[in-house]
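Visitor: Here's a structure for you.
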Amino acid sequence: MTSLLSLERITKAYPGVLANDAVDFAVERGEIHALLGENGAGKSTLMKVLSGLTKPDSGQIVWKGDETTISSPQGSKALGIGMVHQHFALFDGMSVGENIALGLGGQLDDTRRTRIIEMSEKYGLPLDPDALVFTLSAGEKQRIEIVRALLGEPELLILDEPTSVLTPQEADALFATLRLLRDEGRGLVFISHKLNEVRALCERATILRGGKVVATCVPAEKSAEEIAEMMIGTRPVPTAKGQQNLGDVALEVKDLRTKDVRVPALAVRRGEIMGVAGVAGNGQEALYAYLSGEDLAPQANAIWLNGVEAGRSGPSQRRALGGAFVPEERLGHAAVPDFSLIDNTLLSNLGTDGFQRRGLINWTLTREHATEICDGYDVRHAGVTGRAASLSGGNLQKFIVGRELIKQPEVLVVNQPTWGVDMGSATNIRDQLKALAESGSALLVISQDLDELFDLADRLCVLNHGHLSEAKPTHEWTAETLGVAMTGDVQEQAA
Amino acid sequence: MSDLVIQILAASMLLATPLLLAAIGELVVEKSGVINLGVEGMMLIGGLAGFIGLYQLQSSTCTMLIGENCFASENSVNQFQYIGSLLVAAIVGAMAAALFGFLTQYFRANHIAAGLGLTVLGAGLSNSLGGNFFGVDYTSAIVASVPPLFPESWGDVPVVGPLLFSQNLLVPFSFVMLAAVWFFLNRTRAGLVVRAVGENHHSAYALGYPVILVRMLTIMFGGAMAGLAGAFIVIAQIAPKWTEGITVGKGWLALALILFSTWRPGRVLLGAYLFGIVLALEPRLKAIFSNMSLELSYFLTALPYIVPVVVLVMISRNPVMIRRNAPASLGQTFEPRS
């Protein structure tokens, strides 16, 4: 019997990266097929190919035994493929029914209203067609997407990380629905990096790593450790770093508990780089915000900078205590896109001596400082008066990291220091970070790039579902233990 | 007593209709996510165009019938000439709006800047063209009044006579358009698409709807309605007469009404008529209380601008309804993500 869908040797290259390298992938009728992989393993590219957003460079798409091409989202829908996106494409100010009607191309009439209610009852997806979307929870919004996809009668339904926004109860309800759809003979693709869910739900799993299929297996027959190892691969285990001259603790977090992160304990010493690993969306943004002072901790004594309680202090006060912070987003968060490099230099230096006197800005000094940053950190630019947005990603990243490094801060918190940056710039930034640690500063690096963390960090902890694990020396972690810590269920220690 | 009420209602129709026309048009524009602050400018350009159109139609007919020496006293206009001039006003208003549309939709100019530019352009252009540009000084041109739609004797019928039969064509038209716009936005598929584009242009685009085309069409509809509103002020509100800046801020008032009525057509109607009724009351109250203090009389003059805003703000405070009706992409420039 032919497969419902089979992809044969799909290859897609983007400048500098081979996103899909001869990927073979097949889905049968009546199975839930997991697609597993780290960020950047090629899952998204494969889904873009299936939904008609991207054309593969080579390879075949075979639908029910016939070779076909998918050139647009409409074409994908017409073929019988339904997509449930991770980020909902919904109209918040409109009703559930109107949202579904827009997706199907029609006005909300009584027939359609009846069908929505029928469909939602049949598959255990309770929905009120008249409810306004902005009043609903993430789980309810997802039901809209699923019902919208199901009303198109798809034979293959693709769900992109559907449980990432759900509570455990909502996730269980979703799994019941998915099993029902499977039993009707539809094919389902379940994209996830949560191993326990995949092992409980899916008949088969295809594991991608670095754009290649590394294995296809029956997930229930494998342990979470084995799957994690396939996802992450065996990496050269970092050797224990030489004897270091670690100073006292410069950055400390004690029992920080908020609605989005839980950090029982974290202490970074002078001369040390602490790495925070984790899959995107597990609380990295929130952790950064609490450390930098963009969000204030519930208690002042939850965060300590250089021995001073700083939990209730804002970013400027924390800078005055010797802290420096580099957020993930270069444009719009770290730098104002339409401001010149000089203006952007000033932004994180408003409290620094000499840059302003009696409310007036010393532009000469600011310009010299901007030039110094660019020269010292190899920022290639067309003049410091140019807009920040005109710099390439790598150069802007070097600029915003350099802007903080040049102050020789005692404590530096960096979120994704080399995200989306070319190899040369990334190496340059990492070397600068190492040099800063050697000079006796305490560094905390939040990153999704495990290779980067293995290269930089002296100790590593893992952020999973907002929970920060205990830190262990980097060489004590293995690919399996790290994989399980990143993707498994959170076992929260009693605090 | 009831005579006075009917008098005031009839007068308020004349005052509220241009506001209502302009606001209905701009409401659709804003529902599609575009804010066009050029309403005042489009009203001036459209109003002048309508006036010129009526003058030309009148004098060409007059010349045809009587010959070269055509005097103002012999002038008259009929309903068809009036409708012709309204068409001119609507088309010219839509063209002015299309300029705004090209700038904001194709060249991705900032809505606020382009809209303010259109207001300034409209004021300046209508001043120049209404002067002696075409060889006729329209500020002193004389055009005959438009006759009512129904025989004049019908105006004596109690109640409906003055409120319906003696009114200008555009008065019932504004009500029809209000109902049509409500029906379009809430009951038709195309209206649903307009609202979707205004709510989240990225999602609408991803679902395959032509965001820019939809917005161009609503912008031009808004311009046509603003042109009609201007023509009503110039031609029908009193006697046909062109003066510089004749709309005196009614376009801005229409914009404010939409905001305070939280994008709900029924409340736009309420706001426009509150304005009209209070404004119509003012001279009558002043006549009755002829010895009122100067301060009170100034306050009375300000009242038409205060009452609608206060009432609309009081009744439109429900945050859920505001979120439901307010277009979330309002004023944002759309660039398709590649």
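All residue names refer to the structure tokens as shown: chains lettered A, B, ... in order, residues numbered from 1 in each chain, ligands numbered from 1 in order.
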Pick out the residues sitting within 9 Å of Val143 of chain B, and hand them over as a short mmCIF file (atom, residue, chain, number, x, y, z; two decimals) with C-alpha atoms, in the first residue's frame; count only C-alpha atoms, and ignore anything fewer than 6 positions along from it in its own chain.
Guide:
data_model
loop_
_atom_site.label_atom_id
_atom_site.label_comp_id
_atom_site.auth_asym_id
_atom_site.auth_seq_id
_atom_site.Cartn_x
_atom_site.Cartn_y
_atom_site.Cartn_z
CA PHE B 51 -20.09 73.86 -6.93
CA LEU B 54 -23.41 72.91 -10.75
CA TYR B 55 -22.39 76.36 -12.01
CA GLN B 58 -26.57 75.70 -14.92
CA SER B 59 -24.91 78.22 -17.20
CA ALA B 72 -28.64 85.19 -12.66
CA ASN B 75 -30.99 80.83 -13.66
CA SER B 76 -32.47 77.74 -12.18
CA VAL B 77 -31.26 74.25 -11.51
CA ILE B 235 -24.62 73.76 -2.27
CA ALA B 239 -27.91 78.82 -0.65
CA PRO B 240 -25.16 77.66 -3.07
CA LYS B 241 -22.11 79.75 -2.30
#
Visitor: Residues near segment 119-122 of chain B, anyone? I mean within 12 Å using only C-alpha atoms, not counting same-chain ones fewer than 2 positions away, as a ChimeraX atom specification.
Guide: /B:36-49,92-93,95-97,99-100,112-117,124-130,223,226-227,230,244-247,249,251-252
Visitor: Atoms to include: N, CA and C atoms. Write the selected residues as a short mmCIF file (atom, residue, chain, number, x, y, z; two decimals), in the first residue's frame.
Guide:
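Okay, out_13.cif is ready:
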data_model
loop_
_atom_site.label_atom_id
_atom_site.label_comp_id
_atom_site.auth_asym_id
_atom_site.auth_seq_id
_atom_site.Cartn_x
_atom_site.Cartn_y
_atom_site.Cartn_z
N ASN B 36 -7.34 58.16 7.66
CA ASN B 36 -7.12 59.24 6.71
C ASN B 36 -7.56 60.55 7.36
N LEU B 37 -6.57 61.33 7.79
CA LEU B 37 -6.88 62.60 8.44
C LEU B 37 -7.20 63.70 7.42
N GLY B 38 -7.26 63.33 6.16
CA GLY B 38 -7.49 64.33 5.12
C GLY B 38 -8.96 64.60 4.82
N VAL B 39 -9.87 64.18 5.72
CA VAL B 39 -11.30 64.35 5.45
C VAL B 39 -11.64 65.81 5.14
N GLU B 40 -11.11 66.74 5.95
CA GLU B 40 -11.39 68.16 5.75
C GLU B 40 -10.95 68.61 4.35
N GLY B 41 -9.76 68.17 3.95
CA GLY B 41 -9.26 68.55 2.64
C GLY B 41 -10.11 67.99 1.51
N MET B 42 -10.52 66.72 1.66
CA MET B 42 -11.33 66.08 0.62
C MET B 42 -12.71 66.75 0.55
N MET B 43 -13.24 67.19 1.69
CA MET B 43 -14.52 67.89 1.70
C MET B 43 -14.42 69.20 0.94
N LEU B 44 -13.31 69.93 1.15
CA LEU B 44 -13.15 71.22 0.47
C LEU B 44 -13.01 71.02 -1.04
N ILE B 45 -12.15 70.08 -1.43
CA ILE B 45 -11.94 69.85 -2.88
C ILE B 45 -13.24 69.35 -3.51
N GLY B 46 -13.88 68.38 -2.85
CA GLY B 46 -15.13 67.83 -3.38
C GLY B 46 -16.22 68.90 -3.42
N GLY B 47 -16.29 69.70 -2.35
CA GLY B 47 -17.31 70.74 -2.30
C GLY B 47 -17.15 71.75 -3.42
N LEU B 48 -15.91 72.18 -3.66
CA LEU B 48 -15.66 73.14 -4.74
C LEU B 48 -15.99 72.51 -6.09
N ALA B 49 -15.58 71.24 -6.25
CA ALA B 49 -15.84 70.56 -7.53
C ALA B 49 -17.33 70.48 -7.79
N VAL B 92 -14.40 63.59 -7.66
CA VAL B 92 -13.21 64.38 -7.32
C VAL B 92 -12.73 64.04 -5.91
N GLY B 93 -13.67 63.85 -4.97
CA GLY B 93 -13.30 63.44 -3.61
C GLY B 93 -12.58 62.10 -3.62
N MET B 95 -10.91 60.88 -6.09
CA MET B 95 -9.59 61.03 -6.72
C MET B 95 -8.58 61.59 -5.72
N ALA B 96 -9.04 62.57 -4.92
CA ALA B 96 -8.14 63.12 -3.89
C ALA B 96 -7.75 62.03 -2.90
N ALA B 97 -8.73 61.18 -2.56
CA ALA B 97 -8.45 60.09 -1.63
C ALA B 97 -7.49 59.08 -2.26
N LEU B 99 -5.09 59.67 -4.20
CA LEU B 99 -3.73 60.19 -4.04
C LEU B 99 -3.17 59.75 -2.69
N PHE B 100 -3.99 59.93 -1.65
CA PHE B 100 -3.62 59.48 -0.30
C PHE B 100 -3.38 57.96 -0.31
N ILE B 112 -0.62 59.27 8.99
CA ILE B 112 -0.89 60.56 9.64
C ILE B 112 -0.32 61.69 8.79
N ALA B 113 0.95 61.51 8.36
CA ALA B 113 1.59 62.56 7.57
C ALA B 113 0.86 62.77 6.25
N ALA B 114 0.51 61.68 5.57
CA ALA B 114 -0.16 61.80 4.27
C ALA B 114 -1.53 62.44 4.44
N GLY B 115 -2.23 62.09 5.52
CA GLY B 115 -3.56 62.64 5.76
C GLY B 115 -3.51 64.13 6.05
N LEU B 116 -2.57 64.53 6.90
CA LEU B 116 -2.42 65.96 7.19
C LEU B 116 -2.04 66.71 5.92
N GLY B 117 -1.17 66.09 5.12
CA GLY B 117 -0.78 66.70 3.85
C GLY B 117 -1.99 66.91 2.95
N GLY B 124 -5.51 74.52 0.40
CA GLY B 124 -4.80 75.41 -0.51
C GLY B 124 -5.33 75.34 -1.92
N LEU B 125 -5.52 74.10 -2.40
CA LEU B 125 -5.96 73.91 -3.78
C LEU B 125 -7.35 74.49 -4.00
N SER B 126 -8.25 74.29 -3.04
CA SER B 126 -9.62 74.79 -3.22
C SER B 126 -9.62 76.33 -3.17
N ASN B 127 -8.72 76.92 -2.39
CA ASN B 127 -8.61 78.38 -2.39
C ASN B 127 -8.17 78.90 -3.75
N SER B 128 -7.12 78.28 -4.31
CA SER B 128 -6.60 78.76 -5.59
C SER B 128 -7.61 78.54 -6.71
N LEU B 129 -8.11 77.29 -6.80
CA LEU B 129 -8.99 76.97 -7.93
C LEU B 129 -10.33 77.69 -7.82
N GLY B 130 -10.75 77.95 -6.58
CA GLY B 130 -12.03 78.65 -6.39
C GLY B 130 -11.89 80.15 -6.60
N GLY B 223 -13.32 58.90 0.33
CA GLY B 223 -13.13 60.17 -0.37
C GLY B 223 -14.41 60.63 -1.06
N ALA B 226 -16.73 61.97 1.54
CA ALA B 226 -16.28 63.28 2.01
C ALA B 226 -16.59 64.34 0.96
N GLY B 227 -16.43 64.00 -0.33
CA GLY B 227 -16.76 64.92 -1.41
C GLY B 227 -18.24 65.31 -1.36
N GLY B 230 -18.85 67.66 1.50
CA GLY B 230 -18.44 69.02 1.14
C GLY B 230 -19.45 69.68 0.23
N GLU B 244 -13.80 80.52 0.83
CA GLU B 244 -12.61 79.78 1.25
C GLU B 244 -12.84 79.12 2.61
N GLY B 245 -12.38 77.90 2.73
CA GLY B 245 -12.46 77.20 4.02
C GLY B 245 -13.87 77.06 4.55
N ILE B 246 -14.82 76.84 3.64
CA ILE B 246 -16.24 76.87 4.01
C ILE B 246 -16.63 75.73 4.96
N THR B 247 -15.83 74.66 4.99
CA THR B 247 -16.22 73.51 5.82
C THR B 247 -15.94 73.73 7.32
N GLY B 249 -13.88 73.04 9.68
CA GLY B 249 -13.56 72.00 10.68
C GLY B 249 -14.54 70.86 10.80
N GLY B 251 -14.82 68.35 8.91
CA GLY B 251 -14.10 67.09 8.63
C GLY B 251 -13.43 66.56 9.89
N TRP B 252 -12.86 67.45 10.67
CA TRP B 252 -12.21 67.03 11.92
C TRP B 252 -13.25 66.52 12.90
#
Visitor: Residues of chain B within 7 Å of chain A: nearest atom pair and distance (Å, one decimal) for each, counting only C-alpha atoms, sorted by chain and number, as a Markdown table?
Guide:
| residue | atom | partner | partner_atom | distance |
| --- | --- | --- | --- | --- |
| B:Thr188 | CA | A:Gln107 | CA | 6.5 |
| B:Arg189 | CA | A:Gln107 | CA | 4.7 |
| B:Ala196 | CA | A:Phe91 | CA | 6.7 |
| B:Glu199 | CA | A:Phe91 | CA | 6.1 |
| B:Asn200 | CA | A:Phe91 | CA | 5.9 |
| B:Ser203 | CA | A:Ala89 | CA | 5.2 |
| B:Leu207 | CA | A:Gly103 | CA | 6.4 |
| B:Arg323 | CA | A:Gly93 | CA | 5.9 |
| B:Arg324 | CA | A:Gly93 | CA | 4.7 |
Visitor: Distance atom CA of Glu282 of chain B-atom CA of Leu296 of chain B, one decimal place?
Guide: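 One can read the atom CA of Glu282 of chain B to atom CA of Leu296 of chain B distance as 11.3 Å.
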Visitor: For segment 157-164 of chain B, please output as a PyMOL selection string all residues within 8 Å (counting only C-alpha atoms; exclusion window: fewer than 2 positions along the same chain).
Guide: chain B and resi 6-7+9-10+153-155+166-167+172
Visitor: May I have all residues of segment 78-228 of chain B that DSSP, computed from the backbone, assigns to alpha helix (DSSP H), given as a VMD selection string?
Guide: chain B and resid 79 to 101 111 to 128 160 170 to 187 189 to 199 201 to 206 211 to 228
Visitor: Show which residues sit within 9 Å of segment 268-274 of chain A, as JSON, numbers by chain. Count only C-alpha atoms, and ignore same-chain residues fewer than 6 positions away.
Guide: {"A": [244, 245, 246, 247, 248, 249, 250, 251, 252, 253, 410, 411, 433, 434, 436, 437, 438, 439, 440, 441, 442, 443, 444, 445, 446, 453, 456, 457, 458, 459, 460, 461, 471]}
Visitor: Extract, using only C-alpha atoms, all DNA, RNA and protein residues at most 9 Å from Lys31 of chain B, discarding same-chain residues fewer than 4 positions from it, and format them as a ChimeraX atom specification.
Guide: /B:26-27,35,185,194-199,218,263,325-327,330
Visitor: Would you mind listing what lies within 9 Å of Arg209 of chain A as JSON, numbers by chain, with only C-alpha atoms counted and same-chain residues fewer than 2 positions away left out?
Guide: {"A": [36, 37, 38, 40, 41, 42, 207, 211, 212, 213, 214, 230, 231, 232, 233]}
Visitor: May I have the residues from that selection written out with N, CA and C atoms, as a short mmCIF file (atom, residue, chain, number, x, y, z; two decimals), in the first residue's frame?
Guide:
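Now in out.cif:
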data_model
loop_
_atom_site.label_atom_id
_atom_site.label_comp_id
_atom_site.auth_asym_id
_atom_site.auth_seq_id
_atom_site.Cartn_x
_atom_site.Cartn_y
_atom_site.Cartn_z
N LEU A 36 10.81 15.13 15.15
CA LEU A 36 11.56 15.60 16.31
C LEU A 36 12.85 16.27 15.86
N GLY A 37 13.29 17.23 16.65
CA GLY A 37 14.57 17.86 16.36
C GLY A 37 14.75 19.11 17.17
N GLU A 38 16.00 19.51 17.30
CA GLU A 38 16.30 20.75 18.02
C GLU A 38 15.88 21.94 17.18
N GLY A 40 16.42 24.63 14.63
CA GLY A 40 17.39 24.67 13.55
C GLY A 40 17.73 23.32 12.95
N ALA A 41 16.98 22.27 13.33
CA ALA A 41 17.28 20.95 12.78
C ALA A 41 16.68 20.77 11.38
N GLY A 42 15.76 21.68 11.00
CA GLY A 42 15.17 21.59 9.67
C GLY A 42 13.69 21.24 9.68
N ILE A 207 13.52 11.63 13.27
CA ILE A 207 14.35 12.56 14.03
C ILE A 207 15.29 13.27 13.08
N GLY A 211 19.54 19.18 9.58
CA GLY A 211 18.98 19.10 8.25
C GLY A 211 18.90 17.68 7.70
N LYS A 212 19.39 16.69 8.43
CA LYS A 212 19.38 15.31 7.94
C LYS A 212 18.48 14.45 8.82
N VAL A 213 17.91 13.40 8.21
CA VAL A 213 17.18 12.43 9.01
C VAL A 213 18.22 11.52 9.66
N VAL A 214 18.23 11.48 11.00
CA VAL A 214 19.21 10.62 11.65
C VAL A 214 18.60 9.28 12.04
N MET A 230 19.73 10.90 20.07
CA MET A 230 19.60 11.00 18.61
C MET A 230 19.34 12.43 18.18
N MET A 231 18.56 13.16 18.97
CA MET A 231 18.25 14.55 18.61
C MET A 231 19.48 15.44 18.72
N ILE A 232 20.20 15.28 19.80
CA ILE A 232 21.29 16.20 20.09
C ILE A 232 22.61 15.70 19.54
N GLY A 233 22.74 14.38 19.41
CA GLY A 233 23.96 13.82 18.85
C GLY A 233 25.03 13.69 19.91
#
Visitor: Counting only C-alpha atoms, figure out which residue out of B:Leu228, B:Leu281, B:Ile83, B:Ala256 gets nearest to Thr301 of chain B.
Guide: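 Smallest separation from Thr301 of chain B among the options: B:Leu281.
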Visitor: So that I can check the surroundings of Leu79 of chain A, please list as an mmCIF file with C-alpha atoms, in the first residue's frame every protein, DNA and RNA residue that reaches within 9 Å of it, counting only C-alpha atoms and ignoring chain neighbours fewer than 3 positions away.
Guide:
data_model
loop_
_atom_site.group_PDB
_atom_site.id
_atom_site.type_symbol
_atom_site.label_atom_id
_atom_site.label_comp_id
_atom_site.auth_asym_id
_atom_site.auth_seq_id
_atom_site.Cartn_x
_atom_site.Cartn_y
_atom_site.Cartn_z
ATOM 1 C CA TRP A 63 0.891 12.333 -2.455
ATOM 2 C CA ILE A 70 2.919 22.339 -3.852
ATOM 3 C CA GLN A 74 -3.972 27.266 -1.296
ATOM 4 C CA GLY A 75 -2.468 24.420 -3.298
ATOM 5 C CA SER A 76 -1.527 22.621 -0.130
ATOM 6 C CA PRO A 154 -7.836 17.360 5.353
ATOM 7 C CA GLU A 155 -6.449 13.861 4.981
#
Visitor: Just give me the gap between atom CA of Gly82 of chain A and atom CA of Gly152 of chain A in Å, one decimal is fine.
Guide: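 Computing the Euclidean distance for atom CA of Gly82 of chain A and atom CA of Gly152 of chain A yields 7.4 Å.
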Visitor: I'd like the interatomic distance between atom CA of Glu328 of chain A and atom CA of Ser469 of chain A, to a tenth of an Å.
Guide: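 Spanning atom CA of Glu328 of chain A to atom CA of Ser469 of chain A is a straight-line distance of 21.2 Å.
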Visitor: Could you give me, as a PyMOL selection string, each residue of segment 143-371 of chain A that DSSP assigns to strand (DSSP E) when run on this structure's backbone?
Guide: chain A and resi 156-160+187-192+204-209+212-217+249-257+262-269+273-277+303-305+308-309+323-326+356-357+360-361
Visitor: Using only C-alpha atoms, can you tell me which of A:Leu287, A:Ile406, A:Leu159, A:Ala320 comes closest to His87 of chain A?
Guide: A:Leu159
